[in-house]
>>> print(open('coords_36.tsv').read())   # TSV, C-alpha atoms and all ligand atoms
chain	number	residue	atom	x	y	z
A	443	MET	CA	14.90	32.93	13.31
A	444	PRO	CA	11.61	33.02	15.21
A	445	VAL	CA	9.33	30.04	14.94
A	446	ARG	CA	6.27	30.99	12.94
A	447	SER	CA	3.04	29.99	14.62
A	448	ALA	CA	0.36	32.51	13.75
A	449	SER	CA	-0.92	30.54	10.77
A	450	GLN	CA	-0.16	27.02	11.92
A	451	GLY	CA	-3.65	26.24	13.17
A	452	ILE	CA	-3.86	23.35	15.61
A	453	LEU	CA	-0.04	23.01	15.62
A	454	SER	CA	0.58	26.52	16.94
A	455	ASP	CA	1.78	27.11	20.52
A	456	ASP	CA	-1.35	28.95	21.57
A	457	LYS	CA	-3.42	25.89	20.61
A	458	ALA	CA	-1.59	23.58	23.03
A	459	ALA	CA	-4.57	23.16	25.37
A	460	LYS	CA	-6.99	22.34	22.53
A	461	ARG	CA	-4.42	19.97	21.10
A	462	GLU	CA	-4.17	18.09	24.40
A	463	GLU	CA	-7.93	17.73	24.55
A	464	LEU	CA	-8.01	16.46	20.98
A	465	ILE	CA	-5.19	13.98	21.62
A	466	GLU	CA	-7.25	12.47	24.47
A	467	LEU	CA	-10.22	12.05	22.10
A	468	LEU	CA	-7.93	10.42	19.54
A	469	LYS	CA	-6.45	8.05	22.15
A	470	LYS	CA	-9.94	6.89	23.06
A	471	ALA	CA	-10.66	6.34	19.35
A	472	TYR	CA	-7.39	4.41	19.01
A	473	TRP	CA	-8.31	2.07	21.90
A	474	MET	CA	-11.81	1.58	20.52
A	475	GLU	CA	-10.31	0.43	17.22
A	476	ILE	CA	-7.81	-1.87	18.95
A	477	GLU	CA	-10.54	-3.47	21.06
A	478	THR	CA	-12.71	-3.86	17.98
A	479	VAL	CA	-9.88	-5.70	16.24
A	480	MET	CA	-9.66	-8.10	19.22
A	481	SER	CA	-13.42	-8.61	19.32
A	482	TYR	CA	-13.74	-9.11	15.57
A	483	ILE	CA	-10.91	-11.66	15.49
A	484	ALA	CA	-12.65	-13.73	18.19
A	485	ASN	CA	-16.08	-13.34	16.61
A	486	SER	CA	-14.81	-14.19	13.13
A	487	ILE	CA	-13.48	-17.51	14.41
A	488	ASN	CA	-15.83	-18.68	17.19
A	489	PRO	CA	-19.18	-18.91	15.34
A	490	ASP	CA	-20.43	-22.35	14.26
A	491	GLY	CA	-22.95	-23.31	11.61
A	492	VAL	CA	-23.83	-22.71	7.96
A	493	ARG	CA	-25.38	-19.32	8.69
A	494	ALA	CA	-22.23	-18.10	10.39
A	495	GLN	CA	-20.19	-18.01	7.20
A	496	GLU	CA	-21.38	-14.64	5.90
A	497	ILE	CA	-20.75	-13.03	9.32
A	498	ILE	CA	-17.31	-14.63	9.55
A	499	GLU	CA	-16.28	-13.30	6.13
A	500	SER	CA	-17.62	-9.82	6.87
A	501	LEU	CA	-15.76	-9.61	10.16
A	502	GLN	CA	-12.55	-10.90	8.59
A	503	ALA	CA	-12.69	-8.04	6.09
A	504	ASP	CA	-13.49	-5.52	8.83
A	505	ILE	CA	-10.49	-6.55	10.96
A	506	THR	CA	-8.13	-5.13	8.32
A	507	GLU	CA	-10.14	-1.91	8.08
A	508	GLU	CA	-10.32	-1.40	11.85
A	509	LEU	CA	-6.59	-2.03	12.17
A	510	GLY	CA	-6.03	0.60	9.48
A	511	HIS	CA	-8.19	3.02	11.47
A	512	ALA	CA	-6.12	2.37	14.61
A	513	GLN	CA	-2.95	3.17	12.66
A	514	GLN	CA	-4.48	6.38	11.29
A	515	PHE	CA	-5.48	7.53	14.78
A	516	ALA	CA	-2.02	6.66	16.10
A	517	ASN	CA	-0.32	8.62	13.32
A	518	ARG	CA	-2.48	11.65	13.96
A	519	ILE	CA	-1.70	11.52	17.70
A	520	LYS	CA	1.99	11.74	16.82
A	521	GLU	CA	1.49	14.52	14.27
A	522	LEU	CA	-0.22	16.54	17.02
A	523	TYR	CA	2.91	16.11	19.20
A	524	GLY	CA	1.31	13.41	21.33
A	525	VAL	CA	2.61	9.93	22.14
A	526	VAL	CA	0.77	6.77	21.13
A	527	PRO	CA	-0.08	5.03	24.43
A	528	GLY	CA	1.38	1.70	25.50
A	529	SER	CA	-0.69	-1.42	26.06
A	530	LEU	CA	-0.78	-0.99	29.85
A	531	ASP	CA	-3.06	2.02	29.37
A	532	PHE	CA	-5.68	-0.16	27.71
A	533	SER	CA	-8.93	-0.98	29.46
A	534	ALA	CA	-11.60	-3.08	27.79
A	535	GLU	CA	-15.21	-1.88	27.42
A	536	GLN	CA	-16.90	-4.15	24.86
A	537	SER	CA	-18.91	-6.35	27.25
A	538	TYR	CA	-21.44	-6.88	24.46
A	539	LEU	CA	-18.92	-8.56	22.14
A	540	GLN	CA	-17.82	-11.31	24.50
A	541	PRO	CA	-18.29	-14.88	23.22
A	542	PRO	CA	-21.94	-16.02	23.54
A	543	ASP	CA	-22.90	-19.13	25.55
A	544	HIS	CA	-23.54	-21.02	22.31
A	545	GLN	CA	-21.32	-20.46	19.29
A	546	THR	CA	-24.31	-20.84	16.94
A	547	ASP	CA	-25.80	-17.68	18.50
A	548	ILE	CA	-25.15	-15.44	15.50
A	549	VAL	CA	-27.72	-12.83	16.57
A	550	HIS	CA	-25.60	-12.11	19.65
A	551	VAL	CA	-22.62	-11.38	17.40
A	552	ILE	CA	-24.62	-9.24	14.97
A	553	LYS	CA	-26.09	-7.14	17.79
A	554	GLY	CA	-22.65	-6.80	19.40
A	555	VAL	CA	-21.13	-5.55	16.15
A	556	ILE	CA	-23.96	-3.03	15.71
A	557	GLU	CA	-23.32	-1.76	19.24
A	558	ALA	CA	-19.56	-1.45	18.66
A	559	GLU	CA	-20.08	0.42	15.39
A	560	THR	CA	-22.67	2.69	17.01
A	561	GLY	CA	-20.21	3.55	19.78
A	562	ALA	CA	-17.57	4.41	17.18
A	563	ILE	CA	-20.06	6.49	15.17
A	564	GLU	CA	-20.99	8.48	18.29
A	565	HIS	CA	-17.39	9.10	19.33
A	566	TYR	CA	-16.24	10.04	15.82
A	567	ASN	CA	-19.12	12.48	15.41
A	568	ARG	CA	-17.92	14.05	18.68
A	569	ILE	CA	-14.39	14.41	17.25
A	570	ILE	CA	-15.72	15.87	14.00
A	571	GLU	CA	-17.66	18.50	15.97
A	572	PHE	CA	-14.72	19.21	18.29
A	573	THR	CA	-12.30	19.74	15.39
A	574	ASP	CA	-14.65	21.97	13.40
A	575	GLY	CA	-12.85	25.24	12.69
A	576	ILE	CA	-9.88	24.03	14.78
A	577	ASP	CA	-8.26	21.13	12.93
A	578	PHE	CA	-9.62	20.36	9.49
A	579	VAL	CA	-6.99	17.69	8.83
A	580	THR	CA	-8.12	15.51	11.76
A	581	GLN	CA	-11.71	16.31	10.87
A	582	ASP	CA	-11.20	15.15	7.28
A	583	MET	CA	-9.53	11.93	8.42
A	584	VAL	CA	-12.27	11.14	10.94
A	585	ILE	CA	-15.04	11.89	8.44
A	586	ALA	CA	-13.57	9.23	6.13
A	587	ILE	CA	-13.31	6.75	9.02
A	588	LEU	CA	-16.86	7.57	10.10
A	589	ARG	CA	-18.10	6.62	6.66
A	590	ASP	CA	-16.47	3.19	7.02
A	591	GLU	CA	-18.15	2.66	10.39
A	592	GLU	CA	-21.54	3.74	9.01
A	593	GLY	CA	-21.06	1.21	6.21
A	594	HIS	CA	-20.14	-1.53	8.70
A	595	ARG	CA	-23.21	-0.81	10.81
A	596	ARG	CA	-25.53	-0.73	7.81
A	597	LEU	CA	-24.26	-4.11	6.65
A	598	PHE	CA	-24.90	-5.70	10.04
A	599	GLU	CA	-28.29	-4.00	10.34
A	600	GLY	CA	-29.13	-5.81	7.11
A	601	TYR	CA	-28.08	-9.15	8.63
A	602	LEU	CA	-30.21	-8.42	11.69
A	603	ARG	CA	-33.22	-7.61	9.48
A	604	GLU	CA	-32.99	-11.03	7.91
A	605	TYR	CA	-33.05	-12.73	11.31
A	606	GLU	CA	-35.90	-10.48	12.46
A	607	ALA	CA	-37.92	-11.26	9.31
A	608	GLU	CA	-37.62	-14.95	10.16
A	609	GLY	CA	-38.56	-14.37	13.78
A	610	LEU	CA	-35.09	-15.36	14.98
A	611	ALA	CA	-34.11	-12.01	16.51
B	1	FE	FE	-12.92	1.50	12.82
B	2	FE	FE	-16.18	-0.54	12.01
>>> encode(input="coords_36.tsv", output="structure tokens", more="lines below")
Ligand SMILES: [Fe+2]
Ligand SMILES: [Fe+2]
Amino acid sequence: MPVRSASQGILSDDKAAKREELIELLKKAYWMEIETVMSYIANSINPDGVRAQEIIESLQADITEELGHAQQFANRIKELYGVVPGSLDFSAEQSYLQPPDHQTDIVHVIKGVIEAETGAIEHYNRIIEFTDGIDFVTQDMVIAILRDEEGHRRLFEGYLREYEAEGLA
């Protein structure tokens, strides 16, 4: 029996090249989520001071969400006949989320989170555009993830506003 492929969209044989390109975009997204988990763990534990508590609790909640995103990207890589990369392929990029010189420097953490979320928002918009008309399933998944990242950024923009209003940022 011949393998049907004419109506299989992104999973059809003649879409192999597009699929490879998409898998590379998804791998990048996967690593971004993994690095964000690492950065948010550190930045949810390092900060000192009364004012750090709200940030700590926010980041703790986000860690679970970002980990969930990483798992979704990994699953989609497999569904597209790709292989989830091993840890040796990882290279870090979040210079802006390294521990600050002083652990009471909450503004540093807030700005770092906003930058990480902005990077994710940019990359996920790229994937949404790339998948348009090609792979609606990946597009749908990434749209939902994008909404989470927009929510994360908005929350931290609110924190930054408070510091700015007090002349502390
Ligand atoms: Fe995420
Ligand atoms: Fe996020």
>>> residues_near_point(input="coords_36.tsv", point="(-7.6, 13.5, 7.6)", cutoff="12 Å", atoms="all atoms listed in the file", output="list in words")
His511, Gln514, Phe515, Asn517, Arg518, Ile519, Glu521, Ile569, Ile570, Thr573, Asp577, Phe578, Val579, Thr580, Gln581, Asp582, Met583, Val584, Ile585, Ala586, Ile587 and Leu588 of chain A
>>> residues_around(input="coords_36.tsv", residues="Glu535 (chain A)", least_positions_apart="5", cutoff="10 Å", atoms="only C-alpha atoms", output="ChimeraX atom specification")
/A:473-474,477-478,558
>>> closest_residue(input="coords_36.tsv", among="A:Ser481, A:Ser529, A:Gln545, A:Ser449", to="ligand FE 2 (chain B)", atoms="only C-alpha atoms and all ligand atoms")
A:Ser481
>>> closest_residue(input="coords_36.tsv", among="A:Val525, A:Ala459, A:Ala471, A:Ile487", to="ligand FE 2 (chain B)", atoms="only C-alpha atoms and all ligand atoms")
A:Ala471
>>> residues_near_ligand(input="coords_36.tsv", ligand="ligand FE 1 (chain B)", cutoff="9 Å", atoms="only C-alpha atoms and all ligand atoms", output="list of chain:residue names")
A:Ala471, A:Tyr472, A:Met474, A:Glu475, A:Ile476, A:Thr478, A:Val479, A:Asp504, A:Ile505, A:Glu507, A:Glu508, A:Leu509, A:Gly510, A:His511, A:Ala512, A:Glu559, A:Ala562, A:Ile587, A:Leu588, A:Asp590, A:Glu591, A:His594
>>> residues_around(input="coords_36.tsv", residues="His544 (chain A)", least_positions_apart="6", cutoff="10 Å", atoms="only C-alpha atoms", output="VMD selection string")
chain A and resid 488 to 490 550
>>> closest_residue(input="coords_36.tsv", among="A:Thr506, A:Gln495, A:Ser454, A:Thr546", to="ligand FE 2 (chain B)", atoms="only C-alpha atoms and all ligand atoms")
A:Thr506
>>> closest_residue(input="coords_36.tsv", among="A:Ile548, A:Leu610, A:Ala516, A:Leu501", to="ligand FE 2 (chain B)", atoms="all atoms listed in the file")
A:Leu501
>>> atom_distance(input="coords_36.tsv", atom1="CA of Ile452 (chain A)", atom2="CA of Phe532 (chain A)")
26.5 Å
>>> closest_residue(input="coords_36.tsv", among="A:Tyr538, A:Tyr482, A:Tyr605, A:Phe572", to="ligand FE 2 (chain B)", atoms="only C-alpha atoms and all ligand atoms")
A:Tyr482
>>> atom_distance(input="coords_36.tsv", atom1="CA of Ala534 (chain A)", atom2="CA of Glu557 (chain A)")
14.6 Å
>>> closest_residue(input="coords_36.tsv", among="A:Glu606, A:Glu564, A:Glu592, A:Asp455", to="ligand FE 2 (chain B)", atoms="only C-alpha atoms and all ligand atoms")
A:Glu592
>>> atom_distance(input="coords_36.tsv", atom1="CA of Glu496 (chain A)", atom2="CA of Val551 (chain A)")
12.0 Å
>>> axis_aligned_box(input="coords_36.tsv", around="region 530-541 of chain A", padding_each_side="4 Å", output="AutoDock Vina command-line options")
--center_x -11.1 --center_y -6.4 --center_z 26.0 --size_x 28.7 --size_y 24.9 --size_z 15.7
>>> build_atoms(input="coords_36.tsv", residues="region 556-567 of chain A", atoms="all heavy atoms", output="PDB file, in the coordinates of the input")
ATOM      1  N   ILE A 556     -23.182  -4.264  15.894  1.00  0.00           N
ATOM      2  CA  ILE A 556     -23.960  -3.030  15.710  1.00  0.00           C
ATOM      3  C   ILE A 556     -23.686  -2.069  16.876  1.00  0.00           C
ATOM      4  O   ILE A 556     -23.508  -0.864  16.672  1.00  0.00           O
ATOM      5  CB  ILE A 556     -25.470  -3.331  15.568  1.00  0.00           C
ATOM      6  CG1 ILE A 556     -25.722  -4.049  14.231  1.00  0.00           C
ATOM      7  CG2 ILE A 556     -26.300  -2.057  15.659  1.00  0.00           C
ATOM      8  CD1 ILE A 556     -27.142  -4.585  14.055  1.00  0.00           C
ATOM      9  N   GLU A 557     -23.583  -2.615  18.078  1.00  0.00           N
ATOM     10  CA  GLU A 557     -23.320  -1.760  19.240  1.00  0.00           C
ATOM     11  C   GLU A 557     -21.911  -1.151  19.176  1.00  0.00           C
ATOM     12  O   GLU A 557     -21.717   0.036  19.472  1.00  0.00           O
ATOM     13  CB  GLU A 557     -23.510  -2.543  20.548  1.00  0.00           C
ATOM     14  CG  GLU A 557     -23.408  -1.636  21.762  1.00  0.00           C
ATOM     15  CD  GLU A 557     -24.199  -2.116  22.967  1.00  0.00           C
ATOM     16  OE1 GLU A 557     -24.954  -3.108  22.855  1.00  0.00           O
ATOM     17  OE2 GLU A 557     -24.050  -1.484  24.030  1.00  0.00           O
ATOM     18  N   ALA A 558     -20.936  -1.948  18.773  1.00  0.00           N
ATOM     19  CA  ALA A 558     -19.560  -1.450  18.660  1.00  0.00           C
ATOM     20  C   ALA A 558     -19.481  -0.344  17.605  1.00  0.00           C
ATOM     21  O   ALA A 558     -18.855   0.707  17.816  1.00  0.00           O
ATOM     22  CB  ALA A 558     -18.609  -2.590  18.297  1.00  0.00           C
ATOM     23  N   GLU A 559     -20.115  -0.573  16.471  1.00  0.00           N
ATOM     24  CA  GLU A 559     -20.080   0.420  15.390  1.00  0.00           C
ATOM     25  C   GLU A 559     -20.821   1.694  15.799  1.00  0.00           C
ATOM     26  O   GLU A 559     -20.389   2.801  15.465  1.00  0.00           O
ATOM     27  CB  GLU A 559     -20.693  -0.163  14.104  1.00  0.00           C
ATOM     28  CG  GLU A 559     -19.960  -1.390  13.548  1.00  0.00           C
ATOM     29  CD  GLU A 559     -18.537  -1.084  13.051  1.00  0.00           C
ATOM     30  OE1 GLU A 559     -18.201   0.112  12.851  1.00  0.00           O
ATOM     31  OE2 GLU A 559     -17.762  -2.038  12.874  1.00  0.00           O
ATOM     32  N   THR A 560     -21.929   1.525  16.539  1.00  0.00           N
ATOM     33  CA  THR A 560     -22.670   2.690  17.010  1.00  0.00           C
ATOM     34  C   THR A 560     -21.831   3.522  17.971  1.00  0.00           C
ATOM     35  O   THR A 560     -21.812   4.760  17.889  1.00  0.00           O
ATOM     36  CB  THR A 560     -23.988   2.240  17.696  1.00  0.00           C
ATOM     37  OG1 THR A 560     -24.762   1.504  16.747  1.00  0.00           O
ATOM     38  CG2 THR A 560     -24.794   3.433  18.189  1.00  0.00           C
ATOM     39  N   GLY A 561     -21.097   2.847  18.852  1.00  0.00           N
ATOM     40  CA  GLY A 561     -20.210   3.550  19.780  1.00  0.00           C
ATOM     41  C   GLY A 561     -19.149   4.341  19.028  1.00  0.00           C
ATOM     42  O   GLY A 561     -18.846   5.493  19.365  1.00  0.00           O
ATOM     43  N   ALA A 562     -18.579   3.736  17.989  1.00  0.00           N
ATOM     44  CA  ALA A 562     -17.570   4.410  17.180  1.00  0.00           C
ATOM     45  C   ALA A 562     -18.196   5.614  16.463  1.00  0.00           C
ATOM     46  O   ALA A 562     -17.630   6.713  16.460  1.00  0.00           O
ATOM     47  CB  ALA A 562     -16.967   3.437  16.169  1.00  0.00           C
ATOM     48  N   ILE A 563     -19.374   5.408  15.898  1.00  0.00           N
ATOM     49  CA  ILE A 563     -20.060   6.490  15.170  1.00  0.00           C
ATOM     50  C   ILE A 563     -20.309   7.679  16.101  1.00  0.00           C
ATOM     51  O   ILE A 563     -20.067   8.831  15.735  1.00  0.00           O
ATOM     52  CB  ILE A 563     -21.377   5.958  14.552  1.00  0.00           C
ATOM     53  CG1 ILE A 563     -21.048   5.051  13.350  1.00  0.00           C
ATOM     54  CG2 ILE A 563     -22.302   7.105  14.142  1.00  0.00           C
ATOM     55  CD1 ILE A 563     -22.224   4.214  12.836  1.00  0.00           C
ATOM     56  N   GLU A 564     -20.741   7.393  17.338  1.00  0.00           N
ATOM     57  CA  GLU A 564     -20.990   8.480  18.290  1.00  0.00           C
ATOM     58  C   GLU A 564     -19.706   9.223  18.640  1.00  0.00           C
ATOM     59  O   GLU A 564     -19.658  10.448  18.638  1.00  0.00           O
ATOM     60  CB  GLU A 564     -21.620   7.908  19.582  1.00  0.00           C
ATOM     61  CG  GLU A 564     -23.085   7.540  19.407  1.00  0.00           C
ATOM     62  CD  GLU A 564     -23.656   6.762  20.587  1.00  0.00           C
ATOM     63  OE1 GLU A 564     -22.893   6.457  21.541  1.00  0.00           O
ATOM     64  OE2 GLU A 564     -24.848   6.442  20.553  1.00  0.00           O
ATOM     65  N   HIS A 565     -18.653   8.463  18.930  1.00  0.00           N
ATOM     66  CA  HIS A 565     -17.390   9.100  19.330  1.00  0.00           C
ATOM     67  C   HIS A 565     -16.777   9.897  18.175  1.00  0.00           C
ATOM     68  O   HIS A 565     -16.238  10.984  18.378  1.00  0.00           O
ATOM     69  CB  HIS A 565     -16.404   8.055  19.856  1.00  0.00           C
ATOM     70  CG  HIS A 565     -15.163   8.648  20.423  1.00  0.00           C
ATOM     71  ND1 HIS A 565     -15.169   9.582  21.442  1.00  0.00           N
ATOM     72  CD2 HIS A 565     -13.851   8.486  20.088  1.00  0.00           C
ATOM     73  CE1 HIS A 565     -13.923   9.956  21.724  1.00  0.00           C
ATOM     74  NE2 HIS A 565     -13.104   9.303  20.907  1.00  0.00           N
ATOM     75  N   TYR A 566     -16.869   9.360  16.959  1.00  0.00           N
ATOM     76  CA  TYR A 566     -16.240  10.040  15.820  1.00  0.00           C
ATOM     77  C   TYR A 566     -17.025  11.295  15.435  1.00  0.00           C
ATOM     78  O   TYR A 566     -16.435  12.289  15.018  1.00  0.00           O
ATOM     79  CB  TYR A 566     -16.067   9.081  14.639  1.00  0.00           C
ATOM     80  CG  TYR A 566     -15.201   7.884  15.013  1.00  0.00           C
ATOM     81  CD1 TYR A 566     -15.102   6.762  14.208  1.00  0.00           C
ATOM     82  CD2 TYR A 566     -14.490   7.880  16.215  1.00  0.00           C
ATOM     83  CE1 TYR A 566     -14.323   5.673  14.576  1.00  0.00           C
ATOM     84  CE2 TYR A 566     -13.718   6.794  16.597  1.00  0.00           C
ATOM     85  CZ  TYR A 566     -13.641   5.697  15.775  1.00  0.00           C
ATOM     86  OH  TYR A 566     -12.880   4.624  16.150  1.00  0.00           O
ATOM     87  N   ASN A 567     -18.342  11.251  15.611  1.00  0.00           N
ATOM     88  CA  ASN A 567     -19.120  12.480  15.410  1.00  0.00           C
ATOM     89  C   ASN A 567     -18.697  13.557  16.413  1.00  0.00           C
ATOM     90  O   ASN A 567     -18.623  14.740  16.069  1.00  0.00           O
ATOM     91  CB  ASN A 567     -20.622  12.198  15.533  1.00  0.00           C
ATOM     92  CG  ASN A 567     -21.239  11.810  14.193  1.00  0.00           C
ATOM     93  OD1 ASN A 567     -21.211  12.591  13.248  1.00  0.00           O
ATOM     94  ND2 ASN A 567     -21.765  10.609  14.109  1.00  0.00           N
TER      95      ASN A 567
END
